[in-house]
Amino acid sequence: MSLSDTEIAELEELEAALWARHTRFDETYMRRLMSENFFEFGRSGRRYSRAECLAFPDQELNATLRDIDVHEIAPAVALVTYVSEVRYSETQVSYRSSLWVRSDAGWQLRFHQGTPTDATGTT
């Protein structure tokens, strides 16, 4: 069974919510979104726990996501991949991947990784 267009759109919206300030720094929302055993490998190579990610200080997020693709890995498991361009004093381009698992509560984020790439970030 493959993901429906509705499920693909929902996963793309959930991924975008990770980059929207009003959702990313809403602790109640993020606690629902991140599974209890969530962890992340940041673009720095550092490993972050769920608690550390929930504790990130509120900040302006100036990011563009492109080349988003949703891959069904197994029933109720999806991998979302894309390129992020985050603008600070300079633009940081990264390949991103997120592992989502569907439960009775809906889609939950289980794992995320950011990998730096060159300035073009072409895929």
# chains A, B, ... in the order shown; residues from 1 in each chain; ligands from 1
>>> select_by_dssp(residues="chain A", states="strand (DSSP E or B)", output="VMD selection string")
chain A and resid 34 to 41 47 to 49 63 to 74 77 to 87 91 to 103 106 to 116
>>> select_by_dssp(residues="chain A", states="helix (DSSP H, G or I)", output="list in words")
Asp5, Thr6, Glu7, Ile8, Ala9, Glu10, Leu11, Glu12, Glu13, Leu14, Glu15, Ala16, Ala17, Arg21, His22, Thr23, Arg24, Glu27, Thr28, Tyr29, Met30, Arg31, Arg32, Leu33, Arg50, Ala51, Glu52, Cys53 and Leu54 of chain A
>>> write_last_selection(atoms="C-alpha atoms", output="PDB file, in the first residue's frame")
ATOM      1  CA  ASP A   5      -1.868  12.237  -1.938  1.00  0.00           C
ATOM      2  CA  THR A   6      -3.541  13.477   1.259  1.00  0.00           C
ATOM      3  CA  GLU A   7      -0.949  11.735   3.456  1.00  0.00           C
ATOM      4  CA  ILE A   8       1.899  13.101   1.332  1.00  0.00           C
ATOM      5  CA  ALA A   9       0.504  16.644   1.618  1.00  0.00           C
ATOM      6  CA  GLU A  10       0.063  16.207   5.384  1.00  0.00           C
ATOM      7  CA  LEU A  11       3.679  15.075   5.820  1.00  0.00           C
ATOM      8  CA  GLU A  12       4.935  17.994   3.735  1.00  0.00           C
ATOM      9  CA  GLU A  13       2.903  20.381   5.937  1.00  0.00           C
ATOM     10  CA  LEU A  14       4.202  18.775   9.135  1.00  0.00           C
ATOM     11  CA  GLU A  15       7.767  19.096   7.888  1.00  0.00           C
ATOM     12  CA  ALA A  16       7.200  22.777   7.066  1.00  0.00           C
ATOM     13  CA  ALA A  17       5.813  23.254  10.600  1.00  0.00           C
ATOM     14  CA  ARG A  21       8.384  29.933  14.244  1.00  0.00           C
ATOM     15  CA  HIS A  22       4.797  29.796  15.565  1.00  0.00           C
ATOM     16  CA  THR A  23       4.840  25.971  15.603  1.00  0.00           C
ATOM     17  CA  ARG A  24       8.536  25.153  16.105  1.00  0.00           C
ATOM     18  CA  GLU A  27       6.258  23.347  23.169  1.00  0.00           C
ATOM     19  CA  THR A  28       2.806  21.761  23.444  1.00  0.00           C
ATOM     20  CA  TYR A  29       2.592  21.339  19.663  1.00  0.00           C
ATOM     21  CA  MET A  30       6.134  19.971  19.389  1.00  0.00           C
ATOM     22  CA  ARG A  31       5.590  17.505  22.257  1.00  0.00           C
ATOM     23  CA  ARG A  32       2.681  16.044  20.274  1.00  0.00           C
ATOM     24  CA  LEU A  33       4.690  16.018  17.062  1.00  0.00           C
ATOM     25  CA  ARG A  50      14.029  15.270  22.303  1.00  0.00           C
ATOM     26  CA  ALA A  51      14.436  17.312  25.493  1.00  0.00           C
ATOM     27  CA  GLU A  52      17.239  19.379  23.966  1.00  0.00           C
ATOM     28  CA  CYS A  53      15.193  20.083  20.838  1.00  0.00           C
ATOM     29  CA  LEU A  54      12.190  21.119  22.914  1.00  0.00           C
TER      30      LEU A  54
END
>>> closest_residue(among="A:Tyr88, A:Asp26, A:Ser44, A:Leu79", to="Phe56 (chain A)", atoms="only C-alpha atoms")
A:Asp26
>>> atom_distance(atom1="CA of Val83 (chain A)", atom2="CA of Arg66 (chain A)")
5.3 Å
>>> closest_residue(among="A:Thr91, A:Asn62, A:Ser103, A:Ser4", to="Asp118 (chain A)", atoms="only C-alpha atoms")
A:Thr91
>>> closest_residue(among="A:Thr115, A:Ser84, A:Ser97, A:Ser49", to="His71 (chain A)", atoms="only C-alpha atoms")
A:Ser97
>>> closest_residue(among="A:Ala55, A:Ala78, A:Leu65, A:Ala20", to="Trp107 (chain A)", atoms="only C-alpha atoms")
A:Ala78
>>> residues_around(residues="Ser35 (chain A)", least_positions_apart="5", cutoff="6 Å", atoms="only C-alpha atoms", output="PDB file with C-alpha atoms, in the first residue's frame")
ATOM      1  CA  GLN A 108       4.928  11.593  14.784  1.00  0.00           C
ATOM      2  CA  LEU A 109       8.513  12.565  14.118  1.00  0.00           C
ATOM      3  CA  ARG A 110      10.909   9.797  15.173  1.00  0.00           C
TER       4      ARG A 110
END
>>> atom_distance(atom1="CA of Pro116 (chain A)", atom2="CA of Ala63 (chain A)")
14.4 Å
>>> closest_residue(among="A:Arg47, A:Gly106, A:Glu36, A:Leu3", to="Pro75 (chain A)", atoms="only C-alpha atoms")
A:Leu3
>>> closest_residue(among="A:Phe25, A:Phe41, A:Ala74, A:Val101", to="Glu60 (chain A)", atoms="only C-alpha atoms")
A:Phe25
>>> atom_distance(atom1="CA of Thr117 (chain A)", atom2="CA of Tyr95 (chain A)")
6.6 Å
>>> decode(residues="region 62-104 of chain A", atoms="N, CA and C atoms", output="mmCIF file, in the first residue's frame")
data_model
loop_
_atom_site.group_PDB
_atom_site.id
_atom_site.type_symbol
_atom_site.label_atom_id
_atom_site.label_comp_id
_atom_site.auth_asym_id
_atom_site.auth_seq_id
_atom_site.Cartn_x
_atom_site.Cartn_y
_atom_site.Cartn_z
ATOM 1 N N ASN A 62 14.494 31.825 9.247
ATOM 2 C CA ASN A 62 14.393 32.324 7.889
ATOM 3 C C ASN A 62 14.874 31.208 6.971
ATOM 4 N N ALA A 63 13.965 30.301 6.649
ATOM 5 C CA ALA A 63 14.336 29.100 5.909
ATOM 6 C C ALA A 63 13.437 28.890 4.703
ATOM 7 N N THR A 64 14.036 28.315 3.691
ATOM 8 C CA THR A 64 13.319 27.876 2.500
ATOM 9 C C THR A 64 13.549 26.379 2.362
ATOM 10 N N LEU A 65 12.491 25.649 2.102
ATOM 11 C CA LEU A 65 12.590 24.207 1.872
ATOM 12 C C LEU A 65 12.285 23.951 0.404
ATOM 13 N N ARG A 66 13.080 23.090 -0.208
ATOM 14 C CA ARG A 66 12.827 22.767 -1.617
ATOM 15 C C ARG A 66 13.171 21.313 -1.901
ATOM 16 N N ASP A 67 12.737 20.872 -3.049
ATOM 17 C CA ASP A 67 12.973 19.493 -3.487
ATOM 18 C C ASP A 67 12.441 18.480 -2.471
ATOM 19 N N ILE A 68 11.283 18.781 -1.900
ATOM 20 C CA ILE A 68 10.684 17.886 -0.899
ATOM 21 C C ILE A 68 10.190 16.621 -1.592
ATOM 22 N N ASP A 69 10.513 15.499 -0.991
ATOM 23 C CA ASP A 69 10.067 14.209 -1.515
ATOM 24 C C ASP A 69 9.654 13.336 -0.332
ATOM 25 N N VAL A 70 8.594 12.590 -0.506
ATOM 26 C CA VAL A 70 8.081 11.715 0.544
ATOM 27 C C VAL A 70 8.188 10.274 0.047
ATOM 28 N N HIS A 71 8.835 9.438 0.851
ATOM 29 C CA HIS A 71 9.066 8.039 0.487
ATOM 30 C C HIS A 71 8.406 7.147 1.528
ATOM 31 N N GLU A 72 7.579 6.227 1.086
ATOM 32 C CA GLU A 72 7.032 5.249 2.031
ATOM 33 C C GLU A 72 8.096 4.183 2.268
ATOM 34 N N ILE A 73 8.440 3.964 3.536
ATOM 35 C CA ILE A 73 9.465 2.987 3.907
ATOM 36 C C ILE A 73 8.814 1.639 4.240
ATOM 37 N N ALA A 74 7.705 1.691 4.922
ATOM 38 C CA ALA A 74 6.930 0.519 5.331
ATOM 39 C C ALA A 74 5.530 1.038 5.644
ATOM 40 N N PRO A 75 4.561 0.162 5.840
ATOM 41 C CA PRO A 75 3.239 0.672 6.235
ATOM 42 C C PRO A 75 3.367 1.542 7.486
ATOM 43 N N ALA A 76 2.834 2.749 7.419
ATOM 44 C CA ALA A 76 2.814 3.710 8.523
ATOM 45 C C ALA A 76 4.185 4.292 8.855
ATOM 46 N N VAL A 77 5.134 4.180 7.930
ATOM 47 C CA VAL A 77 6.463 4.768 8.121
ATOM 48 C C VAL A 77 6.848 5.502 6.840
ATOM 49 N N ALA A 78 7.232 6.780 6.987
ATOM 50 C CA ALA A 78 7.593 7.578 5.820
ATOM 51 C C ALA A 78 8.890 8.339 6.068
ATOM 52 N N LEU A 79 9.661 8.482 5.009
ATOM 53 C CA LEU A 79 10.884 9.269 5.037
ATOM 54 C C LEU A 79 10.644 10.507 4.180
ATOM 55 N N VAL A 80 10.845 11.684 4.781
ATOM 56 C CA VAL A 80 10.707 12.942 4.053
ATOM 57 C C VAL A 80 12.112 13.501 3.856
ATOM 58 N N THR A 81 12.472 13.779 2.597
ATOM 59 C CA THR A 81 13.785 14.341 2.294
ATOM 60 C C THR A 81 13.602 15.670 1.565
ATOM 61 N N TYR A 82 14.556 16.567 1.771
ATOM 62 C CA TYR A 82 14.487 17.875 1.125
ATOM 63 C C TYR A 82 15.795 18.621 1.320
ATOM 64 N N VAL A 83 15.881 19.794 0.717
ATOM 65 C CA VAL A 83 17.010 20.695 0.891
ATOM 66 C C VAL A 83 16.503 21.906 1.656
ATOM 67 N N SER A 84 17.235 22.292 2.704
ATOM 68 C CA SER A 84 16.890 23.512 3.439
ATOM 69 C C SER A 84 17.949 24.572 3.155
ATOM 70 N N GLU A 85 17.479 25.804 3.024
ATOM 71 C CA GLU A 85 18.360 26.959 2.923
ATOM 72 C C GLU A 85 17.972 27.878 4.074
ATOM 73 N N VAL A 86 18.854 27.978 5.066
ATOM 74 C CA VAL A 86 18.590 28.781 6.253
ATOM 75 C C VAL A 86 19.509 29.996 6.202
ATOM 76 N N ARG A 87 18.895 31.174 6.304
ATOM 77 C CA ARG A 87 19.655 32.414 6.193
ATOM 78 C C ARG A 87 19.956 32.999 7.573
ATOM 79 N N TYR A 88 21.233 33.038 7.882
ATOM 80 C CA TYR A 88 21.760 33.736 9.050
ATOM 81 C C TYR A 88 22.584 34.878 8.472
ATOM 82 N N SER A 89 23.799 35.094 8.949
ATOM 83 C CA SER A 89 24.668 36.077 8.308
ATOM 84 C C SER A 89 25.090 35.574 6.926
ATOM 85 N N GLU A 90 25.057 34.265 6.762
ATOM 86 C CA GLU A 90 25.255 33.636 5.457
ATOM 87 C C GLU A 90 24.238 32.518 5.325
ATOM 88 N N THR A 91 24.007 32.050 4.129
ATOM 89 C CA THR A 91 23.027 30.985 3.907
ATOM 90 C C THR A 91 23.682 29.629 4.126
ATOM 91 N N GLN A 92 23.033 28.800 4.938
ATOM 92 C CA GLN A 92 23.489 27.429 5.174
ATOM 93 C C GLN A 92 22.557 26.490 4.423
ATOM 94 N N VAL A 93 23.135 25.705 3.526
ATOM 95 C CA VAL A 93 22.366 24.759 2.726
ATOM 96 C C VAL A 93 22.632 23.362 3.267
ATOM 97 N N SER A 94 21.551 22.611 3.484
ATOM 98 C CA SER A 94 21.682 21.264 4.036
ATOM 99 C C SER A 94 20.709 20.309 3.362
ATOM 100 N N TYR A 95 21.138 19.068 3.238
ATOM 101 C CA TYR A 95 20.209 17.995 2.917
ATOM 102 C C TYR A 95 19.533 17.627 4.231
ATOM 103 N N ARG A 96 18.243 17.376 4.194
ATOM 104 C CA ARG A 96 17.488 17.036 5.402
ATOM 105 C C ARG A 96 16.724 15.742 5.180
ATOM 106 N N SER A 97 16.558 14.998 6.260
ATOM 107 C CA SER A 97 15.714 13.806 6.220
ATOM 108 C C SER A 97 15.014 13.659 7.561
ATOM 109 N N SER A 98 13.757 13.271 7.491
ATOM 110 C CA SER A 98 12.953 13.061 8.692
ATOM 111 C C SER A 98 12.219 11.736 8.559
ATOM 112 N N LEU A 99 12.228 10.978 9.624
ATOM 113 C CA LEU A 99 11.503 9.715 9.666
ATOM 114 C C LEU A 99 10.227 9.923 10.474
ATOM 115 N N TRP A 100 9.099 9.670 9.842
ATOM 116 C CA TRP A 100 7.779 9.855 10.457
ATOM 117 C C TRP A 100 7.104 8.501 10.618
ATOM 118 N N VAL A 101 6.446 8.301 11.760
ATOM 119 C CA VAL A 101 5.721 7.065 12.048
ATOM 120 C C VAL A 101 4.278 7.430 12.386
ATOM 121 N N ARG A 102 3.342 6.767 11.727
ATOM 122 C CA ARG A 102 1.925 7.036 11.988
ATOM 123 C C ARG A 102 1.453 6.156 13.136
ATOM 124 N N SER A 103 0.811 6.800 14.113
ATOM 125 C CA SER A 103 0.237 6.097 15.259
ATOM 126 C C SER A 103 -1.243 6.464 15.347
ATOM 127 N N ASP A 104 -1.895 6.002 16.387
ATOM 128 C CA ASP A 104 -3.294 6.381 16.597
ATOM 129 C C ASP A 104 -3.445 7.886 16.773
#
